[in-house]
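A short worksheet on the structure shown next.
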2 protein chains.
Amino acid sequence: MTVTIRDVARASGVHVSTVSRTFSAPHMVNAATRSRVLTVAEELGYRPNRAARALTTGRTHNLGLIVADIANPFFPPLIKAAHAAARQRDYHLFVADTDEEPAAEEELIQAFSKQVDGVVLCSPRSSNKALERLAERVPFVVINRRLRGAATVLMDVGHGARLAVEHLAGLGHRRVALVSGPAGSWTSAEIRAAAEQVAGVELVVIGPNAPTERGGFGAAARVRDSGATGVLAYNDLVAIGLIEGLAELGLSVPEDVSVVGIDDIVPGRLSRPKLTTVAMPTAAAGRLAVDLLIQEVTATTSLETRLVIRDSTSAPR
Amino acid sequence: MTVTIRDVARASGVHVSTVSRTFSAPHMVNAATRSRVLTVAEELGYRPNRAARALTTGRTHNLGLIVADIANPFFPPLIKAAHAAARQRDYHLFVADTDEEPAAEEELIQAFSKQVDGVVLCSPRSSNKALERLAERVPFVVINRRLRGAATVLMDVGHGARLAVEHLAGLGHRRVALVSGPAGSWTSAEIRAAAEQVAGVELVVIGPNAPTERGGFGAAARVRDSGATGVLAYNDLVAIGLIEGLAELGLSVPEDVSVVGIDDIVPGRLSRPKLTTVAMPTAAAGRLAVDLLIQEVTATTSLETRLVIRDSTSAPR
DNA sequence: TTCAAGACTGCAAACAGTTGCACTAAACCT
DNA sequence: AGGTTTAGTGCAACTGTTTGCAGTCTTGAA
C-alpha cells in the first residue's frame with residue numbers, strides 16, 4: 001500500500017540506488033535524472049521511510065527530551081524551544097515525563113537509546129554515577145546539573161539569586177529569609193551559596209520545603225516569626241504559596257514583606273501582586289541543548305539569568 | 001559495537017529466529033531455551049531495535065501528539081496524561097508544536113506518518129477537508145473537533161458554559177456579557193450557542209477577541225459599557241486579562257462585576273481573585289485519545305465538564 | 001587518435017529484526 | 001503398533017534504504 005523507493009525507481013526507469021541518492025546525496029546524480037525522479041516521487045506521494053534509513057545509517061534523526069513533570073509550568077517553554085530547534089534541523093522530538101521518579105529516568109533513557117541520536121535530560125534526579133553509566137549507551141546533554149563526560153547547560157541561578165538579594169538590600173531590607181527548596185537540589189544549594197555572599201543583609205534559611213505552592217504556604221508562619229522583611233523563595237510557585245500563606249496571617253505583600261521568586265513562570269506574571277522574580281532562560285537552554293546534541297559537541301555552558309522587578313517588592317515599612 | 005539479535009543467538013547456541021521469538025512471542029519457545037536466551041541477552045545488554053522491528057511489522061510503537069502551543073497552559077496537562085497512557089502500553093510519544101500555524105499541522109502529520117502508528121491532533125486549525133485527506137495516510141484521533149472518519153474526543157464546553165451562565169443567573173445577575181474567542185473557533189461557537197439557551201438572562205456578546213490575556217484586557221471597556229454585571233470569558237487567560245483591565249477602569253471583581261473563565265488552567269487557580277471557571281477534562285482527553293489510537297477504535301466521545309466555583313463570582317451589587 | 005579522468009549509474013550486500021514454512025521429535029489416540 | 005497431532009526450532013525470504021565497488025560513457029588533454 002505504502003509507496004517505496006522501488007516504486008519510484010520502477011516508475012522513473014532508474015535503479016533504486018539512484019532514487020536513494022537523489023534524496024540523500026543530490027549532487028551525485030545528473031540534474032535531468034534528478035528532476036525526473038523528483039517529479040515521479042512527488043506524483044506517487046513518496047516519502048523516505050526514516051526507520052529504514054536509520055537501520056543502515058545508524059542515525060534516526062530523532063531526539064529525546066526527558067523532564068520531571070510536563071505539567072510543571074517551568075518546563076513547557078523549554079520543551080517548546082527544544083522542539084523548535086529540533087524541527088528546524090528536521091529532527092523529531094520524543095518527550096517524556098518521569099513524574100519526578102529517578103528510576104524512570106534510567107528506564108526512559110534505555111528505552112530511547114536505540115531510537116534516538118541523543119537525549120536531553122532536564123534537572124535529573126538520578127545520581128551522577130548512574131548518569132555516567134548511561135552516557136555510554138547514548139549521547140546526552142544535561143540541563144541544570146554538572147556532569148563530567150556529558151555536555152552540560154547550566155542556568156546561572158546563583159547570579160540571579162545574588163541580584164535578588166542585592167535588590168532587597170538596596171530597598172533597605174536588612175534581614176531576609178531564604179525559603180529553600182528540597183534537600184538534594186543542586187539549584188537550591190547554588191541559591192543559598194550565592195545569597196550568603198551578599199554583604200549587609202542577615203540571611204535566615206527556612207527549609208527544606210517542597211518546591212510547590214503548598215511548600216510556600218506552609219513556610220509562611222516561620223517567615224513571619226523570623227522577623228525578616230524580605231524573602232527570596234526557591235521558585236515562583238513557592239513564592240505564590242507563601243504570599244497566600246502570609247495573607248492568611250494578615251500580612252500583605254509588598255507592604256509588610258517583600259517577596260521575590262525564581263523562574264519567571266507564567267502564573268507569576270498573572271498573579272497579584274505580580275511577582276518580582278529571577279528570570280531563568282529556559283527557552284534558551286532548551287534550544288541550546290538540542291543544538292549541542294545535534295552538533296555532537298561536548299561543552300559546558302552557563303546561561304545568564306536576570307532579575308525582573310515587578311510588584312511584590314518594595315521598601316520595608 | 002551495538003549488540004544485535006545475532007550476537008545473542010550465537011552466544012546462546014540457537015537460531016536468530018528463536019531469539020526473536022523469545023522476545024516477541026515467548027509462548028512459542030520452550031521454557032528452558034527461553035530462560036537461557038534471556039539470561040544471555042541480559043548479560044550482553046541486548047535490547048531489541050525498534051526501528052528494525054518496525055520495518056517488518058509495520059508497527060513502530062510510537063505515537064505523535066500535535067498541539068497548537070506547548071507553552072499554552074491549557075496543553076501541558078493533556079500532554080502529560082497522553083504520555084502516561086502511552087508509556088503504560090510501552091509506546092513512545094513524539095510531541096510537536098504548530099505555533100498556531102495550520103500549515104504546520106499538515107507538514108507534521110506527513111513527517112510523522114512513516115514513523116508513528118497514529119497521531120493525536122488537538123484543537124486542529126486546518127480545514128476538515130485537509131484533515132480528511134490526511135486521515136488516509138495515518139490513523140488519527142482529533143480532540144475538540146468533529147470530523148467524520150476519524151476518532152474524536154470532545155469536551156462538552158457547551159454544557160459547562162450553560163452551567164456557568166446558570167450560576168451567574170442564580171446569583172442574581174440579569175445581564176451577562178459573553179467575551180468570545182477568535183472567529184473560526186468551534187469552541188467559541190459551542191459556548192455561545194449554549195449560553196444563549198439559558199432563560200432569565202440577557203446575553204450580550206462582545207467579540208471576537210484574541211484568546212489571550214491581552215484579548216481580555218482589551219475587552220474591559222466594552223464590558224463596562226455593556227452594563228453587564230456578570231461575564232463569561234472564552235477562557236481563563238481572557239478572564240484574567242479582563243479582570244486586570246477592569247481593575248484599570250476602577251472596577252473590582254467580584255464586587256462590581258463577576259467573571260467566570262473556562263479551562264481551569266493553573267494560573268487561574270493562582271491568581272487573585274481565584275477564578276471561578278469551567279474545568280475542562282484535559283487529562284482525561286489526552287489519556288482517552290491515546291487509548292483510542294492504540295486500540296484502533298473509531299468512536300466519538302464527549303467528555304463532561306464541570307463548574308468550579310471560586311472567588312471571582314458573587315451576587316451583583 | 002589514444003588514454004586518463006570524471007561523471008553517472010547499476011549491482012548487491014549490508015542494516016536488525018520478523019515470520020511463513022518445513023522439519024524433527026515427542027506425545028497422543030485408537 | 002501405527003498414524004496423527006503438537007511443540008519447538010531452523011531456514012530463508014522479506015521489510016525500505018544506504019553505500020562501497022565496479023562498470024559505462026563522455027570529455028579533455030596530450
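Starting from 1 in every chain, residues are counted up; chains themselves are A, B, ... following the order of the C-alpha cells, and ligands are numbered from 1 as listed.
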
task: Just the strand (DSSP E) stuff from stretch 79-250 of chain B, please, per backbone DSSP, written as a VMD selection string.
output: chain B and resid 92 to 97 118 to 122 140 to 143 151 to 155 175 to 179 202 to 206 230 to 233

Can I get the selection written as an mmCIF file, in the first residue's frame, with N, CA and C atoms?
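Output file result.cif is given in full below:
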data_model
loop_
_atom_site.group_PDB
_atom_site.id
_atom_site.type_symbol
_atom_site.label_atom_id
_atom_site.label_comp_id
_atom_site.auth_asym_id
_atom_site.auth_seq_id
_atom_site.Cartn_x
_atom_site.Cartn_y
_atom_site.Cartn_z
ATOM 1 N N HIS B 92 6.119 5.126 22.721
ATOM 2 C CA HIS B 92 6.796 6.400 22.903
ATOM 3 C C HIS B 92 5.991 7.493 22.223
ATOM 4 N N LEU B 93 6.188 8.702 22.698
ATOM 5 C CA LEU B 93 5.359 9.800 22.211
ATOM 6 C C LEU B 93 6.190 10.933 21.622
ATOM 7 N N PHE B 94 5.954 11.200 20.339
ATOM 8 C CA PHE B 94 6.514 12.410 19.744
ATOM 9 C C PHE B 94 5.581 13.563 20.085
ATOM 10 N N VAL B 95 6.139 14.666 20.491
ATOM 11 C CA VAL B 95 5.304 15.833 20.739
ATOM 12 C C VAL B 95 5.706 16.932 19.776
ATOM 13 N N ALA B 96 4.730 17.585 19.201
ATOM 14 C CA ALA B 96 5.050 18.658 18.264
ATOM 15 C C ALA B 96 4.140 19.850 18.474
ATOM 16 N N ASP B 97 4.629 20.972 18.084
ATOM 17 C CA ASP B 97 4.008 22.263 18.332
ATOM 18 C C ASP B 97 3.858 22.938 16.973
ATOM 19 N N GLY B 118 0.090 6.281 14.814
ATOM 20 C CA GLY B 118 -1.072 7.147 14.803
ATOM 21 C C GLY B 118 -0.722 8.478 15.429
ATOM 22 N N VAL B 119 -1.550 9.480 15.187
ATOM 23 C CA VAL B 119 -1.266 10.765 15.825
ATOM 24 C C VAL B 119 -2.532 11.347 16.423
ATOM 25 N N VAL B 120 -2.355 12.022 17.556
ATOM 26 C CA VAL B 120 -3.498 12.724 18.128
ATOM 27 C C VAL B 120 -3.296 14.212 17.893
ATOM 28 N N LEU B 121 -4.359 14.802 17.453
ATOM 29 C CA LEU B 121 -4.327 16.164 16.971
ATOM 30 C C LEU B 121 -5.255 16.986 17.857
ATOM 31 N N CYS B 122 -4.705 17.969 18.540
ATOM 32 C CA CYS B 122 -5.514 18.756 19.472
ATOM 33 C C CYS B 122 -6.001 20.041 18.855
ATOM 34 N N PHE B 140 -5.626 8.848 12.796
ATOM 35 C CA PHE B 140 -5.504 9.778 13.917
ATOM 36 C C PHE B 140 -6.781 10.010 14.672
ATOM 37 N N VAL B 141 -6.635 10.581 15.848
ATOM 38 C CA VAL B 141 -7.797 10.971 16.624
ATOM 39 C C VAL B 141 -7.681 12.460 16.904
ATOM 40 N N VAL B 142 -8.829 13.090 16.811
ATOM 41 C CA VAL B 142 -8.870 14.535 16.937
ATOM 42 C C VAL B 142 -9.503 14.913 18.263
ATOM 43 N N ILE B 143 -8.914 15.875 18.918
ATOM 44 C CA ILE B 143 -9.510 16.382 20.150
ATOM 45 C C ILE B 143 -10.125 17.754 19.870
ATOM 46 N N ALA B 151 -11.519 9.106 14.751
ATOM 47 C CA ALA B 151 -11.988 9.066 16.129
ATOM 48 C C ALA B 151 -11.936 10.480 16.692
ATOM 49 N N THR B 152 -12.864 10.769 17.538
ATOM 50 C CA THR B 152 -12.996 12.132 18.029
ATOM 51 C C THR B 152 -13.206 12.156 19.532
ATOM 52 N N VAL B 153 -12.505 13.041 20.193
ATOM 53 C CA VAL B 153 -12.735 13.254 21.616
ATOM 54 C C VAL B 153 -13.153 14.709 21.811
ATOM 55 N N LEU B 154 -14.344 14.878 22.311
ATOM 56 C CA LEU B 154 -14.858 16.227 22.509
ATOM 57 C C LEU B 154 -14.958 16.534 23.996
ATOM 58 N N MET B 155 -14.719 17.793 24.351
ATOM 59 C CA MET B 155 -15.010 18.178 25.736
ATOM 60 C C MET B 155 -16.261 19.036 25.666
ATOM 61 N N ARG B 175 -28.010 40.463 33.420
ATOM 62 C CA ARG B 175 -27.414 40.842 32.139
ATOM 63 C C ARG B 175 -25.976 40.338 32.152
ATOM 64 N N VAL B 176 -25.676 39.377 31.274
ATOM 65 C CA VAL B 176 -24.303 38.881 31.288
ATOM 66 C C VAL B 176 -23.656 39.021 29.924
ATOM 67 N N ALA B 177 -22.379 39.371 29.974
ATOM 68 C CA ALA B 177 -21.622 39.556 28.746
ATOM 69 C C ALA B 177 -20.861 38.281 28.431
ATOM 70 N N LEU B 178 -20.822 37.955 27.155
ATOM 71 C CA LEU B 178 -20.005 36.831 26.716
ATOM 72 C C LEU B 178 -18.807 37.412 25.968
ATOM 73 N N VAL B 179 -17.643 37.288 26.576
ATOM 74 C CA VAL B 179 -16.431 37.778 25.903
ATOM 75 C C VAL B 179 -15.909 36.620 25.070
ATOM 76 N N GLU B 202 -30.140 38.178 30.023
ATOM 77 C CA GLU B 202 -29.960 38.826 28.732
ATOM 78 C C GLU B 202 -28.489 38.698 28.378
ATOM 79 N N LEU B 203 -28.219 38.157 27.213
ATOM 80 C CA LEU B 203 -26.825 37.894 26.854
ATOM 81 C C LEU B 203 -26.316 38.925 25.864
ATOM 82 N N VAL B 204 -25.183 39.541 26.154
ATOM 83 C CA VAL B 204 -24.600 40.439 25.165
ATOM 84 C C VAL B 204 -23.225 39.901 24.784
ATOM 85 N N VAL B 205 -23.031 39.742 23.490
ATOM 86 C CA VAL B 205 -21.787 39.131 23.020
ATOM 87 C C VAL B 205 -20.765 40.204 22.670
ATOM 88 N N ILE B 206 -19.591 40.084 23.239
ATOM 89 C CA ILE B 206 -18.518 41.034 22.961
ATOM 90 C C ILE B 206 -17.375 40.284 22.302
ATOM 91 N N GLY B 230 -22.338 40.414 35.042
ATOM 92 C CA GLY B 230 -21.654 39.119 35.049
ATOM 93 C C GLY B 230 -21.023 38.866 33.696
ATOM 94 N N VAL B 231 -19.923 38.124 33.678
ATOM 95 C CA VAL B 231 -19.221 37.872 32.420
ATOM 96 C C VAL B 231 -18.801 36.413 32.319
ATOM 97 N N LEU B 232 -18.990 35.862 31.142
ATOM 98 C CA LEU B 232 -18.396 34.563 30.855
ATOM 99 C C LEU B 232 -17.329 34.794 29.796
ATOM 100 N N ALA B 233 -16.101 34.431 30.110
ATOM 101 C CA ALA B 233 -14.998 34.673 29.178
ATOM 102 C C ALA B 233 -14.684 33.412 28.393
#

message: Could you tell me which residues of chain A sit within 9 Å of chain B when counting only C-alpha atoms, and give me the result as JSON, numbers by chain?
response: {"A": [2, 47, 48, 49, 50, 51, 52, 54, 55, 60, 64, 69, 70, 71, 72, 73, 75, 76, 77, 78, 79, 80, 83, 84, 87, 92, 93, 94, 95, 96, 97, 110, 111, 112, 114, 115, 213, 237, 240, 241, 266, 267, 268, 270, 271, 272, 273]}

Contacts of C:DC23 at 10 Å (only C-alpha atoms (C1' of nucleotides); same-chain gap of 6+ positions) as a list in words: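 Counting only the stated atoms, we get DT9, DG10 and DC11 of chain D.
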
Residues of the last selection are to be written out with N, CA and C atoms (P, O5', C5', C4', C3', O3' and C1' of nucleotides), as a PDB file, in the first residue's frame.
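Result file is part-v4.pdb:
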ATOM      1  P    DT D   9      13.048 -24.732  21.663  1.00  0.00           P
ATOM      2  O5'  DT D   9      13.551 -24.606  20.172  1.00  0.00           O
ATOM      3  C5'  DT D   9      14.340 -25.668  19.651  1.00  0.00           C
ATOM      4  C4'  DT D   9      14.414 -25.536  18.155  1.00  0.00           C
ATOM      5  C3'  DT D   9      15.102 -24.271  17.653  1.00  0.00           C
ATOM      6  O3'  DT D   9      16.443 -24.627  17.333  1.00  0.00           O
ATOM      7  C1'  DT D   9      13.257 -24.967  16.287  1.00  0.00           C
ATOM      8  P    DG D  10      17.499 -23.552  16.765  1.00  0.00           P
ATOM      9  O5'  DG D  10      17.317 -23.774  15.209  1.00  0.00           O
ATOM     10  C5'  DG D  10      17.561 -25.072  14.670  1.00  0.00           C
ATOM     11  C4'  DG D  10      17.306 -25.062  13.172  1.00  0.00           C
ATOM     12  C3'  DG D  10      18.063 -23.975  12.385  1.00  0.00           C
ATOM     13  O3'  DG D  10      18.544 -24.569  11.198  1.00  0.00           O
ATOM     14  C1'  DG D  10      15.747 -23.788  11.971  1.00  0.00           C
ATOM     15  P    DC D  11      19.631 -23.784  10.277  1.00  0.00           P
ATOM     16  O5'  DC D  11      18.771 -23.386   9.001  1.00  0.00           O
ATOM     17  C5'  DC D  11      17.836 -24.319   8.503  1.00  0.00           C
ATOM     18  C4'  DC D  11      17.102 -23.727   7.314  1.00  0.00           C
ATOM     19  C3'  DC D  11      17.849 -22.636   6.552  1.00  0.00           C
ATOM     20  O3'  DC D  11      17.733 -22.916   5.175  1.00  0.00           O
ATOM     21  C1'  DC D  11      15.735 -21.838   7.236  1.00  0.00           C
TER      22       DC D  11
END

field: Residue list for chain A near chain C as a list in words, 9 Å, only C-alpha atoms (C1' of nucleotides)
entry: Val14, His15, Val16, Ser17, Thr18, Met28, Val29, Asn30, Ala52, Ala54, Leu55, Thr56, Thr57 and Gly58 of chain A

query: Would you list which chain D residues are within 9 Å of chain B using only C-alpha atoms (C1' of nucleotides), as a PyMOL selection string?
result: chain D and resi 7-10+14-16

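Pairwise distance (atom CA of B:Leu171, atom CA of B:Thr229) equals 10.6 Å.
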
query: Contacts of B:Leu131 at 10 Å or less, counting only C-alpha atoms (C1' of nucleotides), minus same-chain residues fewer than 3 places along, as a list in words?
result: Glu105, Glu106, Ile109, Leu121, Pro124, Arg125, Ser126, Ser127, Asn128, Leu134, Ala135, Glu136, Phe140, Val142, Leu147, Arg148, Gly149 and Ala150 of chain B

For the residues in the current selection, export N, CA and C atoms as an mmCIF file, in the first residue's frame.
data_model
loop_
_atom_site.group_PDB
_atom_site.id
_atom_site.type_symbol
_atom_site.label_atom_id
_atom_site.label_comp_id
_atom_site.auth_asym_id
_atom_site.auth_seq_id
_atom_site.Cartn_x
_atom_site.Cartn_y
_atom_site.Cartn_z
ATOM 1 N N GLU B 105 0.460 21.828 10.772
ATOM 2 C CA GLU B 105 -0.233 20.583 11.103
ATOM 3 C C GLU B 105 -0.044 19.552 10.006
ATOM 4 N N GLU B 106 -0.331 19.969 8.803
ATOM 5 C CA GLU B 106 -0.211 19.046 7.677
ATOM 6 C C GLU B 106 1.204 18.527 7.555
ATOM 7 N N ILE B 109 2.108 16.049 10.289
ATOM 8 C CA ILE B 109 1.463 14.745 10.106
ATOM 9 C C ILE B 109 2.174 13.963 9.013
ATOM 10 N N LEU B 121 -4.359 14.802 17.453
ATOM 11 C CA LEU B 121 -4.327 16.164 16.971
ATOM 12 C C LEU B 121 -5.255 16.986 17.857
ATOM 13 N N PRO B 124 -7.421 21.170 16.157
ATOM 14 C CA PRO B 124 -6.774 21.484 14.885
ATOM 15 C C PRO B 124 -7.285 22.787 14.297
ATOM 16 N N ARG B 125 -6.419 23.436 13.539
ATOM 17 C CA ARG B 125 -6.811 24.679 12.876
ATOM 18 C C ARG B 125 -7.020 24.459 11.381
ATOM 19 N N SER B 126 -6.602 23.320 10.870
ATOM 20 C CA SER B 126 -6.757 23.053 9.441
ATOM 21 C C SER B 126 -8.221 22.819 9.084
ATOM 22 N N SER B 127 -8.504 22.898 7.817
ATOM 23 C CA SER B 127 -9.867 22.649 7.360
ATOM 24 C C SER B 127 -10.203 21.173 7.479
ATOM 25 N N ASN B 128 -11.482 20.878 7.624
ATOM 26 C CA ASN B 128 -11.914 19.482 7.671
ATOM 27 C C ASN B 128 -11.456 18.716 6.442
ATOM 28 N N LEU B 134 -5.653 13.816 5.027
ATOM 29 C CA LEU B 134 -4.524 13.290 5.802
ATOM 30 C C LEU B 134 -4.876 11.994 6.510
ATOM 31 N N ALA B 135 -6.133 11.862 6.865
ATOM 32 C CA ALA B 135 -6.552 10.673 7.605
ATOM 33 C C ALA B 135 -6.295 9.406 6.806
ATOM 34 N N GLU B 136 -6.085 9.548 5.511
ATOM 35 C CA GLU B 136 -5.816 8.361 4.705
ATOM 36 C C GLU B 136 -4.363 7.901 4.829
ATOM 37 N N PHE B 140 -5.626 8.848 12.796
ATOM 38 C CA PHE B 140 -5.504 9.778 13.917
ATOM 39 C C PHE B 140 -6.781 10.010 14.672
ATOM 40 N N VAL B 142 -8.829 13.090 16.811
ATOM 41 C CA VAL B 142 -8.870 14.535 16.937
ATOM 42 C C VAL B 142 -9.503 14.913 18.263
ATOM 43 N N LEU B 147 -15.112 15.384 13.244
ATOM 44 C CA LEU B 147 -14.540 15.031 11.955
ATOM 45 C C LEU B 147 -14.979 13.623 11.613
ATOM 46 N N ARG B 148 -15.667 13.474 10.511
ATOM 47 C CA ARG B 148 -16.129 12.119 10.207
ATOM 48 C C ARG B 148 -14.943 11.314 9.664
ATOM 49 N N GLY B 149 -14.947 10.047 9.980
ATOM 50 C CA GLY B 149 -13.863 9.190 9.512
ATOM 51 C C GLY B 149 -12.718 9.067 10.489
ATOM 52 N N ALA B 150 -12.678 9.936 11.468
ATOM 53 C CA ALA B 150 -11.608 9.846 12.462
ATOM 54 C C ALA B 150 -12.229 9.759 13.853
#

All helix (DSSP H, G or I) positions in stretch 49-129 of chain B, as number ranges by chain: B: 50-57, 76-88, 102-112, 128-129

Put those residues in a file: C-alpha atoms, as an mmCIF file, in the first residue's frame.
data_model
loop_
_atom_site.group_PDB
_atom_site.id
_atom_site.type_symbol
_atom_site.label_atom_id
_atom_site.label_comp_id
_atom_site.auth_asym_id
_atom_site.auth_seq_id
_atom_site.Cartn_x
_atom_site.Cartn_y
_atom_site.Cartn_z
ATOM 1 C CA ARG B 50 12.595 -0.877 17.453
ATOM 2 C CA ALA B 51 13.367 0.679 14.109
ATOM 3 C CA ALA B 52 14.335 -2.680 12.651
ATOM 4 C CA ARG B 53 11.301 -4.270 14.164
ATOM 5 C CA ALA B 54 9.103 -1.573 12.714
ATOM 6 C CA LEU B 55 10.463 -2.343 9.280
ATOM 7 C CA THR B 56 8.991 -5.818 9.136
ATOM 8 C CA THR B 57 5.974 -5.488 11.358
ATOM 9 C CA PRO B 76 0.635 20.533 29.341
ATOM 10 C CA PRO B 77 -1.799 18.536 31.474
ATOM 11 C CA LEU B 78 -3.119 16.945 28.311
ATOM 12 C CA ILE B 79 0.360 16.116 27.077
ATOM 13 C CA LYS B 80 1.295 14.680 30.408
ATOM 14 C CA ALA B 81 -1.724 12.416 30.532
ATOM 15 C CA ALA B 82 -1.229 11.307 26.949
ATOM 16 C CA HIS B 83 2.358 10.466 27.721
ATOM 17 C CA ALA B 84 1.412 8.446 30.766
ATOM 18 C CA ALA B 85 -1.165 6.463 28.826
ATOM 19 C CA ALA B 86 1.275 5.789 26.016
ATOM 20 C CA ARG B 87 4.050 4.788 28.366
ATOM 21 C CA GLN B 88 1.807 2.373 30.121
ATOM 22 C CA PRO B 102 -2.426 25.448 10.223
ATOM 23 C CA ALA B 103 0.136 24.590 7.553
ATOM 24 C CA ALA B 104 2.415 23.121 10.191
ATOM 25 C CA GLU B 105 -0.233 20.583 11.103
ATOM 26 C CA GLU B 106 -0.211 19.046 7.677
ATOM 27 C CA GLU B 107 3.511 19.089 7.422
ATOM 28 C CA LEU B 108 3.983 17.452 10.799
ATOM 29 C CA ILE B 109 1.463 14.745 10.106
ATOM 30 C CA GLN B 110 3.213 13.977 6.836
ATOM 31 C CA ALA B 111 6.569 13.910 8.521
ATOM 32 C CA PHE B 112 5.306 11.650 11.276
ATOM 33 C CA ASN B 128 -11.914 19.482 7.671
ATOM 34 C CA LYS B 129 -11.154 18.732 4.050
#

query: If we count only C-alpha atoms (C1' of nucleotides), what is near B:Ser314 at a cut-off of 8 Å, once residues fewer than 3 positions away on the same chain are taken out, given as a PyMOL selection string?
result: chain B and resi 171+254-255+258+311

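Here the question is which of B:Arg214, B:Trp186, B:Ile294, B:Ala289 gets nearest to B:Arg59 using only C-alpha atoms, and that residue is B:Ile294.
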